[in-house]
>>> print(open('entry-v8.txt').read())   # compact mmCIF, C-alpha atoms
# COMPACT_ATOMS: atom_id res chain seq x y z
CA MET A 23 -48.69 46.21 10.42
CA ARG A 24 -51.44 44.96 12.63
CA SER A 25 -52.22 46.59 15.95
CA ARG A 26 -53.10 44.64 19.09
CA GLU A 27 -56.76 45.51 18.51
CA GLU A 28 -56.64 44.04 15.00
CA VAL A 29 -55.06 40.88 16.34
CA ASP A 30 -57.83 40.50 18.94
CA ALA A 31 -60.49 41.13 16.28
CA THR A 32 -58.96 38.39 14.10
CA LEU A 33 -59.02 35.98 17.04
CA GLN A 34 -62.67 36.77 17.60
CA VAL A 35 -63.53 36.09 13.94
CA ALA A 36 -61.62 32.81 14.19
CA LYS A 37 -63.54 32.01 17.38
CA LEU A 38 -60.36 31.56 19.40
CA ASP A 39 -60.23 32.36 23.11
CA PRO A 40 -57.28 34.73 23.81
CA ALA A 41 -57.04 33.27 27.32
CA GLU A 42 -55.95 29.95 25.83
CA LEU A 43 -53.14 31.58 23.85
CA LEU A 44 -49.86 33.21 24.79
CA PRO A 45 -50.29 36.96 25.29
CA VAL A 46 -47.55 37.92 22.80
CA ALA A 47 -48.46 37.76 19.11
CA GLN A 48 -45.83 37.72 16.34
CA CYS A 49 -46.84 39.61 13.23
CA LEU A 50 -45.06 38.41 10.09
CA ASN A 51 -44.55 40.28 6.84
CA PHE A 52 -42.34 39.69 3.81
CA SER A 53 -39.27 41.86 3.47
CA SER A 54 -38.95 43.71 0.19
CA ASP A 55 -36.06 41.51 -0.98
CA ALA A 56 -37.44 38.12 0.13
CA ASP A 57 -36.92 35.61 -2.69
CA ALA A 58 -37.29 31.84 -2.85
CA ALA A 59 -34.29 31.60 -5.18
CA ASP A 60 -32.00 32.99 -2.46
CA CYS A 61 -32.73 30.29 0.10
CA TYR A 62 -31.95 26.57 0.16
CA LEU A 63 -32.85 24.22 2.99
CA LEU A 64 -30.76 21.15 3.78
CA GLN A 65 -32.14 18.49 6.10
CA LEU A 66 -29.32 16.86 8.06
CA GLU A 67 -29.15 13.85 10.33
CA PRO A 68 -27.69 14.44 13.84
CA GLU A 69 -24.27 13.06 12.81
CA LEU A 70 -23.89 15.68 10.06
CA CYS A 71 -25.19 18.46 12.31
CA ALA A 72 -22.50 17.51 14.80
CA GLU A 73 -19.88 17.89 12.04
CA LEU A 74 -20.94 21.49 11.40
CA GLU A 75 -21.27 22.31 15.09
CA ALA A 76 -17.71 21.05 15.59
CA GLY A 77 -16.49 23.54 13.00
CA ARG A 78 -15.86 21.00 10.22
CA SER A 79 -17.06 21.45 6.65
CA LEU A 80 -19.50 19.59 4.44
CA VAL A 81 -18.66 19.70 0.73
CA ILE A 82 -20.95 19.32 -2.28
CA ARG A 83 -19.14 17.52 -5.11
CA GLY A 84 -20.00 16.78 -8.72
CA ASP A 85 -19.44 17.97 -12.29
CA LYS A 86 -22.24 19.51 -14.38
CA ASP A 87 -23.17 16.11 -15.83
CA GLU A 88 -23.17 14.35 -12.44
CA HIS A 89 -25.78 14.14 -9.70
CA ALA A 90 -24.50 16.12 -6.71
CA VAL A 91 -23.35 14.38 -3.53
CA LEU A 92 -22.60 15.77 -0.08
CA CYS A 93 -19.36 14.70 1.59
CA SER A 94 -18.22 14.84 5.20
CA LYS A 95 -14.63 13.98 6.11
CA ASP A 96 -15.31 10.24 5.84
CA LYS A 97 -18.76 9.61 4.31
CA THR A 98 -20.71 10.34 1.11
CA TYR A 99 -24.41 11.22 0.89
CA ASP A 100 -26.77 11.32 -2.07
CA MET A 101 -28.72 14.58 -2.41
CA LYS A 102 -32.35 14.77 -3.57
CA ILE A 103 -34.92 17.57 -3.63
CA ALA A 104 -38.06 16.88 -1.58
CA ASP A 105 -41.14 19.00 -2.26
CA THR A 106 -43.50 20.06 0.52
CA SER A 107 -47.11 21.27 0.25
CA ASN A 108 -46.49 23.81 3.03
CA MET A 109 -44.46 26.92 2.36
CA LEU A 110 -41.35 27.02 4.53
CA LEU A 111 -40.51 30.48 5.89
CA PHE A 112 -37.10 31.78 6.99
CA ILE A 113 -37.62 34.22 9.87
CA PRO A 114 -34.49 35.55 11.61
CA ALA A 115 -34.87 35.91 15.41
CA CYS A 116 -38.32 34.33 15.39
CA GLU A 117 -39.25 33.08 18.85
CA THR A 118 -40.83 29.71 19.57
CA ALA A 119 -43.72 29.18 21.96
CA GLU A 120 -41.23 27.94 24.56
CA GLN A 121 -39.27 31.19 24.30
CA LEU A 122 -42.31 33.46 24.66
CA CYS A 123 -43.16 34.22 28.27
CA ALA A 124 -46.73 33.63 29.42
CA GLU A 125 -46.22 36.27 32.11
CA LYS A 126 -45.87 39.16 29.64
CA PRO A 127 -48.79 41.53 28.99
CA PRO A 128 -50.62 41.24 25.66
CA SER A 129 -48.50 42.77 22.91
CA VAL A 130 -47.45 42.42 19.26
CA ILE A 131 -43.89 41.96 18.03
CA TYR A 132 -43.02 42.32 14.37
CA LYS A 133 -40.82 39.91 12.40
CA GLN A 134 -39.78 40.03 8.76
CA ILE A 135 -39.73 36.96 6.50
CA ALA A 136 -36.28 36.90 4.90
CA GLY A 137 -37.05 34.09 2.44
CA PHE A 138 -39.25 31.13 1.67
CA SER A 139 -39.18 27.77 -0.08
CA ASN A 140 -41.51 25.01 -1.20
CA ASN A 141 -38.82 22.29 -1.11
CA TYR A 142 -35.66 21.24 0.66
CA TRP A 143 -32.66 19.00 0.07
CA GLU A 144 -32.59 15.68 1.88
CA VAL A 145 -29.49 13.54 2.10
CA ARG A 146 -29.07 9.79 2.33
CA ARG A 147 -25.89 7.77 2.89
CA CYS A 148 -24.62 6.27 -0.36
CA ARG A 149 -21.61 4.44 -1.72
CA PRO A 150 -18.77 6.72 -2.80
CA LYS A 151 -18.42 7.04 -6.58
CA LEU A 152 -14.84 5.88 -7.00
CA LYS A 153 -14.67 4.32 -10.48
CA LYS A 154 -13.65 7.67 -11.93
CA LEU A 155 -10.57 7.68 -9.69
CA LYS A 156 -8.96 4.72 -11.46
CA LYS A 157 -10.06 6.07 -14.85
CA LEU A 158 -8.27 9.39 -14.23
CA LEU A 159 -5.09 7.80 -12.92
CA MET A 160 -4.95 5.28 -15.77
CA GLU A 161 -4.75 8.15 -18.26
CA ASN A 162 -1.07 8.39 -17.36
CA PRO A 163 0.27 5.31 -15.53
CA TYR A 164 3.81 5.40 -14.19
CA GLU A 165 6.08 3.12 -16.25
CA GLY A 166 9.39 3.88 -14.57
CA PRO A 167 11.90 6.73 -14.63
CA ASP A 168 13.25 5.95 -18.12
CA VAL A 169 9.84 6.07 -19.81
CA GLU A 170 8.83 9.08 -17.70
CA LYS A 171 11.66 11.17 -19.21
CA GLU A 172 10.19 10.65 -22.68
CA LYS A 173 6.68 11.80 -21.77
CA THR A 174 5.48 15.31 -22.56
CA LEU A 175 4.26 17.85 -20.03
CA THR A 176 0.73 17.51 -21.42
CA ASN A 177 0.25 14.05 -19.89
CA PRO A 178 -2.41 14.50 -17.16
CA LYS A 179 -1.37 14.27 -13.51
CA TYR A 180 -3.47 14.78 -10.40
CA THR A 181 -2.71 16.13 -6.94
CA THR A 182 -4.83 15.33 -3.88
CA ASP A 183 -6.73 18.62 -4.36
CA ASP A 184 -7.36 17.76 -8.03
CA LEU A 185 -8.88 14.42 -7.04
CA LEU A 186 -11.02 16.02 -4.32
CA ASP A 187 -12.38 18.39 -6.96
CA GLN A 188 -13.30 15.61 -9.39
CA ILE A 189 -14.17 12.50 -7.37
CA GLN A 190 -17.56 12.23 -5.68
CA ALA A 191 -16.39 10.83 -2.38
CA SER A 192 -15.07 11.99 0.98
CA LYS A 193 -11.35 12.55 1.43
CA GLU A 194 -11.01 9.51 3.67
CA GLU A 195 -12.81 7.27 1.15
CA ILE A 196 -10.61 8.57 -1.68
CA MET A 197 -7.44 7.93 0.30
CA GLN A 198 -8.59 4.40 1.13
CA GLN A 199 -9.29 3.69 -2.56
CA LEU A 200 -5.88 5.05 -3.56
CA GLU A 201 -4.40 2.44 -1.24
CA VAL A 202 -6.57 -0.29 -2.80
CA LEU A 203 -5.36 0.79 -6.26
CA LYS A 204 -1.77 0.69 -4.99
CA ALA A 205 -1.33 4.30 -6.09
CA CYS A 206 1.60 6.36 -4.85
CA GLN A 207 2.65 10.01 -4.85
CA ILE A 208 5.47 10.90 -7.22
CA GLU A 209 6.64 14.53 -7.13
CA GLY A 210 3.35 15.53 -5.50
CA TYR A 211 1.10 13.74 -8.03
CA TRP A 212 -0.88 10.54 -7.51
CA ARG A 213 0.12 7.81 -9.95
CA ILE A 214 -0.88 4.20 -10.60
CA LEU A 215 1.98 1.97 -11.65
CA ASP A 216 1.76 0.41 -15.08
CA PHE A 217 1.00 -3.26 -14.36
CA ASP A 218 4.02 -4.57 -16.27
CA TYR A 219 6.29 -2.17 -14.37
CA GLU A 220 4.63 -3.19 -11.10
CA MET A 221 5.32 -6.85 -11.84
CA LYS A 222 8.92 -5.99 -12.76
CA LEU A 223 9.40 -4.38 -9.34
CA LEU A 224 7.73 -7.29 -7.56
CA ASN A 225 9.96 -9.75 -9.44
CA HIS A 226 13.07 -7.83 -8.32
CA VAL A 227 11.94 -8.17 -4.69
CA THR A 228 10.99 -11.88 -4.88
CA GLN A 229 14.27 -12.72 -6.67
CA LEU A 230 16.25 -10.94 -3.95
CA ILE A 231 14.32 -12.83 -1.26
CA TYR A 232 15.18 -16.10 -3.02
CA THR A 233 18.83 -15.12 -3.51
CA GLU A 234 19.29 -14.10 0.12
CA SER A 235 17.30 -17.11 1.41
CA TRP A 236 15.06 -14.81 3.47
CA SER A 237 11.72 -15.82 4.88
CA PHE A 238 8.77 -14.16 3.14
CA SER A 239 7.57 -13.25 6.64
CA LYS A 240 10.63 -11.09 7.39
CA VAL A 241 12.06 -9.07 4.51
CA PRO A 242 14.42 -6.24 5.62
CA LEU A 243 13.66 -2.87 4.05
CA SER A 244 17.18 -1.43 4.38
CA ILE A 245 18.91 -4.28 2.51
CA CYS A 246 16.22 -4.28 -0.21
CA LEU A 247 16.85 -0.57 -0.81
CA GLN A 248 20.60 -1.08 -0.75
CA GLU A 249 20.60 -4.03 -3.18
CA LEU A 250 17.84 -2.92 -5.55
CA GLY A 251 18.49 0.84 -5.42
CA PRO A 252 20.85 0.72 -8.44
CA LEU A 253 18.11 -0.96 -10.51
CA GLU A 254 15.02 1.09 -9.62
CA PRO A 255 14.17 4.21 -7.56
CA LYS A 256 14.24 3.39 -3.85
CA GLU A 257 10.81 4.99 -3.44
CA MET A 258 9.39 2.43 -5.89
CA ILE A 259 11.05 -0.50 -4.11
CA GLU A 260 9.58 0.61 -0.78
CA HIS A 261 6.19 1.22 -2.42
CA ILE A 262 6.05 -2.32 -3.82
CA LEU A 263 6.97 -3.74 -0.42
CA ARG A 264 4.14 -1.75 1.18
CA SER A 265 1.70 -2.79 -1.57
CA TYR A 266 2.42 -6.50 -1.24
CA GLY A 267 3.41 -6.76 2.40
CA GLY A 268 2.70 -5.64 5.94
CA GLN A 269 5.22 -3.54 7.84
CA THR A 270 6.72 -4.70 11.14
CA ILE A 271 9.43 -3.23 13.38
CA ASP A 272 12.00 -5.44 15.12
CA GLU A 273 14.73 -3.88 17.27
CA GLY A 274 14.35 -0.58 15.47
CA GLU A 275 14.66 -2.08 11.98
CA THR A 276 11.83 -2.14 9.44
CA PHE A 277 10.75 -5.47 7.95
CA PHE A 278 7.91 -6.52 5.65
CA GLU A 279 5.84 -9.70 5.81
CA MET A 280 4.95 -10.46 2.18
CA ASN A 281 1.29 -11.28 1.51
CA GLU A 282 0.99 -14.64 -0.25
CA GLU A 283 -2.54 -14.01 -1.55
CA LYS A 284 -1.64 -10.63 -3.09
CA ILE A 285 1.45 -12.04 -4.82
CA CYS A 286 -0.41 -15.10 -6.16
CA ARG A 287 -3.29 -12.91 -7.31
CA ALA A 288 -1.00 -10.50 -9.17
CA THR A 289 0.79 -13.40 -10.83
CA ALA A 290 -2.54 -14.82 -12.00
CA GLN A 291 -3.53 -11.44 -13.43
CA MET A 292 -0.25 -11.31 -15.35
CA LEU A 293 -0.91 -14.75 -16.86
CA LEU A 294 -4.56 -14.08 -17.72
CA GLN A 295 -4.39 -10.51 -19.01
CA ASN A 296 -3.38 -11.44 -22.56
CA ALA A 297 -5.52 -14.58 -22.91
CA VAL A 298 -9.20 -14.60 -23.87
CA LYS A 299 -9.68 -17.93 -22.09
CA PHE A 300 -7.27 -20.35 -20.48
CA SER A 301 -7.69 -24.09 -19.89
CA LEU A 302 -8.26 -24.29 -16.12
CA LEU A 303 -5.98 -27.28 -15.52
CA GLU A 304 -3.22 -25.81 -17.67
CA PHE A 305 -3.59 -22.43 -15.98
CA GLN A 306 -3.40 -23.90 -12.47
CA GLU A 307 -0.21 -25.75 -13.39
CA VAL A 308 1.47 -22.71 -14.97
CA TRP A 309 0.26 -20.44 -12.17
CA GLN A 310 1.75 -22.62 -9.42
CA GLN A 311 5.05 -22.78 -11.31
CA SER A 312 5.09 -18.98 -11.71
CA VAL A 313 4.69 -17.94 -8.08
CA PRO A 314 7.69 -17.83 -5.71
CA GLU A 315 8.77 -21.17 -4.29
CA GLY A 316 7.03 -21.92 -1.02
CA MET A 317 3.77 -20.16 -1.97
CA THR A 318 0.59 -22.12 -2.71
CA THR A 319 -2.03 -21.03 -5.24
CA THR A 320 -5.78 -21.61 -4.75
CA LEU A 321 -8.74 -20.46 -6.82
CA ASP A 322 -10.13 -18.68 -3.73
CA GLN A 323 -7.33 -16.15 -4.19
CA LEU A 324 -8.93 -15.05 -7.48
CA LYS A 325 -12.37 -13.97 -6.21
CA GLY A 326 -13.42 -10.83 -8.04
CA LEU A 327 -10.48 -11.13 -10.46
CA ALA A 328 -11.11 -14.24 -12.58
CA LEU A 329 -14.12 -16.42 -13.42
CA VAL A 330 -14.13 -20.19 -13.94
CA ASP A 331 -16.43 -21.69 -16.57
CA ARG A 332 -17.31 -25.18 -15.33
CA SER A 333 -19.76 -25.81 -18.17
CA SER A 334 -17.16 -25.75 -20.94
CA ARG A 335 -15.09 -28.77 -21.93
CA PRO A 336 -12.34 -28.52 -20.92
CA GLU A 337 -13.12 -26.19 -18.02
CA THR A 338 -11.74 -22.69 -18.62
CA ILE A 339 -10.83 -19.57 -16.70
CA PHE A 340 -10.72 -15.95 -17.86
CA LEU A 341 -9.97 -12.51 -16.44
CA LEU A 342 -12.97 -10.63 -15.04
CA ASN A 343 -11.90 -7.86 -12.68
CA VAL A 344 -14.60 -6.35 -10.47
CA GLU A 345 -12.75 -3.01 -10.73
CA ASP A 346 -13.64 -2.87 -14.44
CA LEU A 347 -17.40 -3.38 -13.97
CA PRO A 348 -19.98 -0.52 -13.89
CA GLU A 349 -20.53 1.34 -10.63
CA ASP A 350 -24.34 1.58 -10.94
CA SER A 351 -26.11 -1.47 -9.50
CA GLN A 352 -28.48 -2.10 -12.40
CA GLU A 353 -25.72 -1.59 -14.97
CA ARG A 354 -23.48 -3.97 -12.99
CA PHE A 355 -26.10 -6.73 -13.06
CA ASN A 356 -26.80 -6.10 -16.76
CA SER A 357 -23.10 -6.46 -17.49
CA LEU A 358 -22.79 -9.67 -15.46
CA PHE A 359 -25.85 -11.28 -17.04
CA THR A 360 -24.48 -10.38 -20.48
CA ILE A 361 -21.29 -12.27 -19.64
CA ARG A 362 -23.15 -15.25 -18.20
CA GLU A 363 -26.90 -15.93 -18.34
CA LYS A 364 -27.12 -17.83 -15.04
CA TRP A 365 -24.96 -17.48 -11.94
CA THR A 366 -24.63 -19.34 -8.67
CA GLU A 367 -24.47 -17.14 -5.58
CA ALA A 368 -20.90 -18.26 -4.91
CA ASP A 369 -19.78 -17.12 -8.38
CA ILE A 370 -21.61 -13.78 -8.47
CA ALA A 371 -21.01 -12.72 -4.85
CA PRO A 372 -17.45 -11.35 -5.36
CA TYR A 373 -18.75 -9.17 -8.20
CA ILE A 374 -21.59 -7.53 -6.26
CA GLN A 375 -20.27 -7.47 -2.68
CA ASP A 376 -19.12 -3.85 -3.05
CA LEU A 377 -22.65 -2.80 -4.09
CA CYS A 378 -24.12 -3.73 -0.70
CA SER A 379 -24.83 -0.87 1.66
CA ALA A 380 -24.06 -1.11 5.38
CA LYS A 381 -27.41 -2.76 6.14
CA GLN A 382 -27.84 -4.71 2.88
CA THR A 383 -26.91 -8.34 2.26
CA ILE A 384 -25.94 -10.06 -0.98
CA GLY A 385 -29.18 -12.03 -0.74
CA ALA A 386 -31.26 -8.84 -0.60
CA LEU A 387 -29.38 -7.43 -3.59
CA LEU A 388 -30.01 -10.61 -5.61
CA THR A 389 -33.71 -10.54 -4.69
CA LYS A 390 -33.96 -6.99 -6.05
CA TYR A 391 -32.05 -7.39 -9.31
CA ALA A 392 -32.24 -11.12 -10.16
CA ARG A 393 -34.66 -14.02 -10.38
CA SER A 394 -33.80 -17.38 -8.83
CA SER A 395 -34.44 -20.88 -10.14
CA THR A 396 -33.07 -24.39 -9.63
CA GLN A 397 -30.86 -26.03 -12.23
CA ASN A 398 -29.65 -29.60 -11.68
CA GLY A 399 -30.41 -29.20 -7.99
CA ILE A 400 -28.36 -25.99 -7.70
CA LYS A 401 -29.89 -22.57 -7.07
CA VAL A 402 -28.98 -20.12 -9.84
CA TYR A 403 -29.83 -16.50 -10.62
CA ASN A 404 -30.70 -14.83 -13.93
CA SER A 405 -31.79 -11.34 -14.94
CA ARG A 406 -35.23 -9.99 -14.06
CA ARG A 407 -35.31 -8.06 -17.33
CA PRO A 408 -34.35 -8.88 -20.93
CA ILE A 409 -30.69 -8.22 -21.69
CA SER A 410 -30.09 -6.64 -25.08
>>> encode(input="entry-v8.txt", output="structure tokens")
Amino acid sequence: MRSREEVDATLQVAKLDPAELLPVAQCLNFSSDADAADCYLLQLEPELCAELEAGRSLVIRGDKDEHAVLCSKDKTYDMKIADTSNMLLFIPACETAEQLCAEKPPSVIYKQIAGFSNNYWEVRRCRPKLKKLKKLLMENPYEGPDVEKEKTLTNPKYTTDDLLDQIQASKEEIMQQLEVLKACQIEGYWRILDFDYEMKLLNHVTQLIYTESWSFSKVPLSICLQELGPLEPKEMIEHILRSYGGQTIDEGETFFEMNEEKICRATAQMLLQNAVKFSLLEFQEVWQQSVPEGMTTTLDQLKGLALVDRSSRPETIFLLNVEDLPEDSQERFNSLFTIREKWTEADIAPYIQDLCSAKQTIGALLTKYARSSTQNGIKVYNSRRPIS
């Protein structure tokens, strides 16, 4: 360890005036067990620092074949290693220039370097990776109590903790997506309803509304459970009401206002799911006849669910669900341009809207991944790269 005299001699060789420096010198040396492999630096933005300072946790999520992400309670961050040309030293109890007193007499204090690193992890806000959530739940969709009795114990089921272990997203983002997928908890496990069973439940509800001459804006929960309870589990009846309606309370009683767009959209999916393509005019006629009386169907209800081909004769429509497209931006565009060579912005927007970050527009996304041109006076977009 250096003495004060050795420190002064070093300053003299370096041609530094001790009067211009603080009187206290800190002498650093590596501890015997200092190792770069033991230390990892994580650079955090103020919002994430505040999470830790408040006593909340940050969780790193990802399987061995996945790129790790960092999750707070409600946001997801991509993690990348950043190299630095300067060695970063970890020195416990090291004092900054502001902490060292200029009034003290010249002296030397000794500090040990506990570790070092030539890189650090930096994090950047990213979209949660939620496609895997639907994939896991669709391994074992719920088809009703009768079918459930016939299933074996080996059919996969997932609790909230299981999903948190496997999905690269924050808990809040996962719970929001479960709601979007119309998933529900059955005996402690998250399940997606089989679509045919879901439509069966919805049909029970709409038929009861018609039979009782109720308004779709005020459907009483208690009578629905009483009348339909003998047909299906009451939990499933209430779940379908929550999935396709909004809850209201009137004089202490629970009612649901049924959502016309959701019901029309689900009906369209039922009609389109088994057809490769459907004549547009024929589909619109059958669709309107299939929805509950009093509801009106419009093609705007099908954004992100079905695609109309105006170039074919006759015009056709086919199922194209945004939920089934790749999560990666480039893969998403490749998939879309494989389906159709040229897109208008109005047609492609519902299929890329979810790819936009908080500060990114659809226009910016199209500029990055597509090339624009004019066709018959209409602006269209095609791929920037060859599609195999």
>>> atom_distance(input="entry-v8.txt", atom1="atom CA of A:Ala288", atom2="atom CA of A:Leu327")
9.6 Å
>>> atom_distance(input="entry-v8.txt", atom1="atom CA of A:Glu209", atom2="atom CA of A:Leu152")
23.2 Å
>>> atom_distance(input="entry-v8.txt", atom1="atom CA of A:Arg83", atom2="atom CA of A:Leu110")
26.0 Å
>>> closest_residue(input="entry-v8.txt", among="A:Gln323, A:Gln134, A:Thr233, A:Gln397", to="A:Cys116", atoms="only C-alpha atoms")
A:Gln134
>>> residues_near_point(input="entry-v8.txt", point="(5.2, 14.2, -3.7)", cutoff="12 Å", atoms="only C-alpha atoms", output="list in words")
Lys179, Tyr180, Thr181, Thr182, Cys206, Gln207, Ile208, Glu209, Gly210, Tyr211, Trp212, Arg213 and Glu257 of chain A
>>> axis_aligned_box(input="entry-v8.txt", around="stretch 108-118 of chain A", padding_each_side="8 Å", output="AutoDock Vina command-line options")
--center_x -40.5 --center_y 29.9 --center_z 11.0 --size_x 28.0 --size_y 28.1 --size_z 33.2
>>> closest_residue(input="entry-v8.txt", among="A:Glu283, A:Asp272, A:Glu315, A:Asp376", to="A:Trp236", atoms="only C-alpha atoms")
A:Glu315
>>> closest_residue(input="entry-v8.txt", among="A:Gln310, A:Ser25, A:Gln199, A:Ser301", to="A:Leu329", atoms="all atoms listed in the file")
A:Ser301
>>> closest_residue(input="entry-v8.txt", among="A:Lys173, A:Lys325, A:Arg147, A:Arg26", to="A:Ser94", atoms="only C-alpha atoms")
A:Arg147
>>> decode(input="entry-v8.txt", residues="stretch 278-305 of chain A", atoms="C-alpha atoms", output="short mmCIF file (atom, residue, chain, number, x, y, z; two decimals), in the first residue's frame")
data_model
loop_
_atom_site.label_atom_id
_atom_site.label_comp_id
_atom_site.auth_asym_id
_atom_site.auth_seq_id
_atom_site.Cartn_x
_atom_site.Cartn_y
_atom_site.Cartn_z
CA PHE A 278 -75.04 -6.62 -18.26
CA GLU A 279 -75.14 -4.42 -21.35
CA MET A 280 -74.32 -6.77 -24.23
CA ASN A 281 -71.70 -5.53 -26.69
CA GLU A 282 -73.08 -5.56 -30.24
CA GLU A 283 -69.65 -5.45 -31.91
CA LYS A 284 -68.29 -8.39 -29.91
CA ILE A 285 -71.35 -10.54 -30.62
CA CYS A 286 -71.36 -9.70 -34.35
CA ARG A 287 -67.61 -10.33 -34.54
CA ALA A 288 -67.88 -13.73 -32.85
CA THR A 289 -70.73 -14.71 -35.15
CA ALA A 290 -68.63 -13.78 -38.19
CA GLN A 291 -65.73 -15.86 -36.88
CA MET A 292 -68.06 -18.84 -36.49
CA LEU A 293 -69.23 -18.50 -40.11
CA LEU A 294 -65.75 -17.98 -41.57
CA GLN A 295 -63.71 -20.49 -39.58
CA ASN A 296 -64.56 -23.49 -41.77
CA ALA A 297 -64.51 -21.70 -45.15
CA VAL A 298 -61.38 -20.99 -47.18
CA LYS A 299 -63.10 -18.03 -48.85
CA PHE A 300 -66.65 -16.74 -48.78
CA SER A 301 -68.48 -14.64 -51.37
CA LEU A 302 -68.66 -11.21 -49.71
CA LEU A 303 -72.28 -10.49 -50.65
CA GLU A 304 -73.40 -13.96 -49.61
CA PHE A 305 -71.46 -13.72 -46.36
#
